[in-house]
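Engineer: Just dropping this structure here.
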Amino acid sequence: MKCRDFSSVLRTFADVLDVADAAVARDQIMMFAAVFDAHPTSSVSDLAKRIAALRVAGSTGSPSLGDVARLLSALKSFLDKTAKNTVLSDVNAIEKLLHDRASMEISAIARMTTEAVAPRRRTRGPDAPGVRDDLVVHYKEKLEAALGDEEKFTTVYNDLRANTAIGKPEIIALAKQMTGSGARAEDAALKKIWNRHQSLVVFQAKSRATGGRSAA
């Protein structure tokens, strides 16, 4: 099965969870679907091999892949009598992979797989112009408008990563404007941008889980 088709299965499952008023579980599945959105034409089995090679150290957190694995187990039981063998085989493979990486944070693996498909940017020469403020403003507006929306933010983030007109100076300036803290490396700046969005996603999920009440 292609990753885009597997993502469609996950999003349908998320819709069911939404109807069942399981907002936290729905958000976890939507976050995980972004992993497959980054590789739409790859097969699920090929992506699984690449995920298996990712480092787990330093990427632990919540919500985790173990949380998603438990949800996929429920999905597998639901699909057992109706889905094609290829679908069940892919669900089984991904579920096993997630159990093996149970402590890994969902956002970490989403970020890693997104970065894996982004083309490397050209390094600017000594005569290249300075920071392109127009691009910084453009992406700042688009990213901030999509904050908290997993699908929209991932789309804009992927576009940012793929845009070869944007270099290290723009990324660092963008991170500074969006998060208020600086970064010296491009990867660190991108991580700050992603983490701002992810923090909001987690906050929204917890808020929904508590009905908007304080956890205190």
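Going by the structure tokens order, chains are called A, B, ..., each with residues numbered from 1, while ligands are numbered from 1 in the order shown.
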Residues near segment 30-33 of chain A, anyone? I mean within 10 Å using only C-alpha atoms, not counting same-chain ones fewer than 5 positions away, as JSON, numbers by chain.

Structural biologist: {"A": [3, 4, 6, 7, 8, 9, 10, 11, 12, 13, 14, 15, 24, 25, 38, 63, 64, 65, 68, 106, 107, 109, 110, 149, 150, 151, 154, 198, 201]}

Engineer: Mind checking which residues fall within 9 Å of Thr86 of chain A, counting only C-alpha atoms, ignoring those fewer than 4 positions away in the same chain, and posting them as a PDB file with C-alpha atoms, in the first residue's frame?

Structural biologist:
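Result file selection-v1.pdb:
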ATOM      1  CA  MET A   1       0.000   0.000   0.000  1.00  0.00           C
ATOM      2  CA  ASP A  90       0.680  -2.871   6.736  1.00  0.00           C
ATOM      3  CA  VAL A  91      -1.205  -2.108   9.945  1.00  0.00           C
TER       4      VAL A  91
END

Engineer: From the set A:Leu75, A:Ala165, A:Leu98, A:Val35, which residue has the shortest atom-to-atom contact distance to Arg132 of chain A, counting only C-alpha atoms?

Structural biologist: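 Smallest distance to Arg132 of chain A is found for A:Ala165.
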
Engineer: Taking 6 positions as the minimum chain separation for residues in the same chain, which residues sit within 9 Å of Lys152 of chain A when counting only C-alpha atoms? Answer as a compact mmCIF listing (two decimals) with all heavy atoms, in the first residue's frame.

Structural biologist:
# COMPACT_ATOMS: atom_id res chain seq x y z
N LEU A 143 2.64 30.21 8.64
CA LEU A 143 2.85 29.27 9.73
C LEU A 143 2.03 29.63 10.96
O LEU A 143 1.43 28.75 11.60
CB LEU A 143 4.34 29.21 10.09
CG LEU A 143 5.25 28.50 9.09
CD1 LEU A 143 6.71 28.82 9.35
CD2 LEU A 143 5.02 26.99 9.13
N ALA A 145 -0.73 31.27 11.04
CA ALA A 145 -2.15 31.05 10.75
C ALA A 145 -2.51 29.56 10.87
O ALA A 145 -3.66 29.22 11.14
CB ALA A 145 -2.50 31.55 9.35
N ALA A 146 -1.50 28.69 10.70
CA ALA A 146 -1.75 27.25 10.74
C ALA A 146 -1.40 26.61 12.08
O ALA A 146 -1.60 25.41 12.26
CB ALA A 146 -0.95 26.56 9.62

Engineer: Using only C-alpha atoms, which of A:Ala34, A:Gly130, A:Leu135, A:Asp21 sits nearest Thr155 of chain A?

Structural biologist: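 For Thr155 of chain A, the nearest of the candidates is A:Ala34.
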
Engineer: Select from segment 17-208 of chain A everything DSSP, run on the backbone, classes as helix (DSSP H, G or I), then give the selection as a compact mmCIF listing (two decimals) with C-alpha atoms, in the first residue's frame.

Structural biologist:
# COMPACT_ATOMS: atom_id res chain seq x y z
CA LEU A 17 -12.62 8.76 16.96
CA ASP A 18 -13.89 12.31 16.56
CA VAL A 19 -17.49 11.09 16.37
CA ALA A 23 -10.40 14.00 20.82
CA VAL A 24 -7.01 13.11 22.31
CA ALA A 25 -6.85 9.81 20.42
CA ARG A 26 -8.01 11.56 17.24
CA ASP A 27 -5.23 14.13 17.49
CA GLN A 28 -2.62 11.43 18.05
CA ILE A 29 -3.70 9.60 14.91
CA MET A 30 -3.73 12.84 12.90
CA MET A 31 -0.22 13.67 14.11
CA PHE A 32 0.98 10.22 13.07
CA ALA A 33 -0.73 10.47 9.66
CA ALA A 34 1.61 13.39 8.89
CA VAL A 35 4.47 10.86 8.80
CA PHE A 36 2.89 9.19 5.77
CA ASP A 37 1.85 12.48 4.19
CA VAL A 44 4.35 1.61 3.73
CA SER A 45 6.84 -1.26 4.00
CA ASP A 46 9.68 0.89 2.62
CA LEU A 47 8.87 3.74 4.99
CA ALA A 48 8.71 1.30 7.90
CA LYS A 49 12.29 0.23 7.15
CA ARG A 50 13.43 3.86 7.17
CA ILE A 51 11.65 4.56 10.44
CA ALA A 52 13.26 1.47 11.96
CA LEU A 65 4.43 6.03 19.43
CA GLY A 66 3.31 3.60 22.11
CA ASP A 67 0.09 5.60 22.41
CA VAL A 68 -0.45 5.29 18.66
CA ALA A 69 0.38 1.56 18.75
CA ARG A 70 -2.48 0.95 21.18
CA LEU A 71 -4.85 2.83 18.89
CA LEU A 72 -3.67 0.85 15.85
CA SER A 73 -4.35 -2.34 17.75
CA ALA A 74 -7.98 -1.25 18.10
CA LEU A 75 -8.07 -0.27 14.42
CA LYS A 76 -6.71 -3.68 13.44
CA SER A 77 -9.45 -5.44 15.39
CA PHE A 78 -12.04 -3.26 13.66
CA LEU A 79 -10.62 -4.01 10.19
CA ASN A 85 -4.91 -8.54 3.54
CA THR A 86 -2.52 -5.85 2.27
CA VAL A 87 -4.10 -3.27 4.59
CA LEU A 88 -3.97 -5.59 7.59
CA SER A 89 -0.38 -6.53 6.78
CA ASP A 90 0.68 -2.87 6.74
CA VAL A 91 -1.20 -2.11 9.94
CA ASN A 92 0.49 -5.09 11.60
CA ALA A 93 3.93 -3.99 10.40
CA ILE A 94 3.48 -0.41 11.59
CA GLU A 95 2.00 -1.51 14.92
CA LYS A 96 5.01 -3.75 15.58
CA LEU A 97 7.38 -0.97 14.60
CA LEU A 98 5.67 1.44 16.99
CA HIS A 99 5.86 -1.04 19.85
CA ASP A 100 9.61 -1.29 19.21
CA ILE A 106 5.12 11.39 17.75
CA SER A 107 6.26 14.89 16.86
CA ALA A 108 9.89 13.74 16.76
CA ILE A 109 9.26 11.03 14.20
CA ALA A 110 7.02 13.36 12.17
CA ARG A 111 9.81 15.93 12.10
CA MET A 112 12.47 13.37 11.20
CA THR A 113 10.50 11.87 8.33
CA THR A 114 9.60 15.32 7.01
CA GLU A 115 13.24 16.36 7.04
CA ALA A 116 14.21 13.14 5.28
CA VAL A 117 12.34 14.14 2.11
CA ASP A 133 12.54 39.75 4.58
CA ASP A 134 9.67 39.16 2.15
CA LEU A 135 10.05 35.39 2.49
CA VAL A 136 10.39 35.60 6.26
CA VAL A 137 7.17 37.63 6.50
CA HIS A 138 5.37 35.35 4.05
CA TYR A 139 6.14 32.14 5.94
CA LYS A 140 5.66 33.72 9.35
CA GLU A 141 2.10 34.69 8.39
CA LYS A 142 1.32 31.26 6.89
CA LEU A 143 2.85 29.27 9.73
CA GLU A 144 1.24 31.31 12.49
CA ALA A 145 -2.15 31.05 10.75
CA ALA A 146 -1.75 27.25 10.74
CA GLU A 150 -1.62 19.48 12.23
CA GLU A 151 -2.50 19.08 8.55
CA LYS A 152 -2.24 22.74 7.56
CA PHE A 153 0.94 23.38 9.55
CA THR A 154 2.67 20.30 8.13
CA THR A 155 1.80 21.43 4.60
CA VAL A 156 3.28 24.90 5.14
CA TYR A 157 6.29 23.48 7.00
CA ASN A 158 7.02 21.06 4.15
CA ASP A 159 6.73 23.91 1.66
CA LEU A 160 9.17 25.97 3.74
CA ARG A 161 11.68 23.13 3.81
CA ALA A 162 11.37 22.50 0.08
CA LYS A 168 19.86 29.55 6.66
CA PRO A 169 19.54 33.33 7.34
CA GLU A 170 15.80 33.31 6.56
CA ILE A 171 15.17 30.18 8.65
CA ILE A 172 17.00 31.61 11.65
CA ALA A 173 15.22 34.97 11.31
CA LEU A 174 11.87 33.17 11.01
CA ALA A 175 12.51 31.12 14.14
CA LYS A 176 13.55 34.23 16.03
CA GLN A 177 10.34 36.05 15.07
CA MET A 178 8.09 33.06 15.78
CA THR A 179 9.62 31.86 19.04
CA GLU A 186 19.33 25.89 10.53
CA ASP A 187 18.19 22.53 11.93
CA ALA A 188 17.89 24.02 15.43
CA ALA A 189 15.85 26.93 14.07
CA LEU A 190 13.49 24.58 12.24
CA LYS A 191 13.08 22.52 15.40
CA LYS A 192 12.11 25.64 17.34
CA ILE A 193 9.46 26.46 14.73
CA TRP A 194 8.07 22.91 14.79
CA ASN A 195 8.12 22.75 18.60
CA ARG A 196 6.08 25.94 18.93
CA HIS A 197 3.35 24.36 16.84
CA GLN A 198 3.62 21.02 18.64
CA SER A 199 3.36 22.65 22.05
CA LEU A 200 0.09 24.24 20.97
CA VAL A 201 -1.21 20.92 19.63
CA VAL A 202 -0.48 19.22 22.95
CA PHE A 203 -2.05 22.08 24.91
CA GLN A 204 -5.20 21.93 22.80
CA ALA A 205 -5.45 18.17 23.26
CA LYS A 206 -5.08 18.46 27.03
CA SER A 207 -7.60 21.30 27.11
CA ARG A 208 -10.15 19.22 25.22

Engineer: In Å, rounded to a single decimal, give me how far atom CA of Arg101 of chain A is from atom CA of Ser42 of chain A.

Structural biologist: 20.9 Å
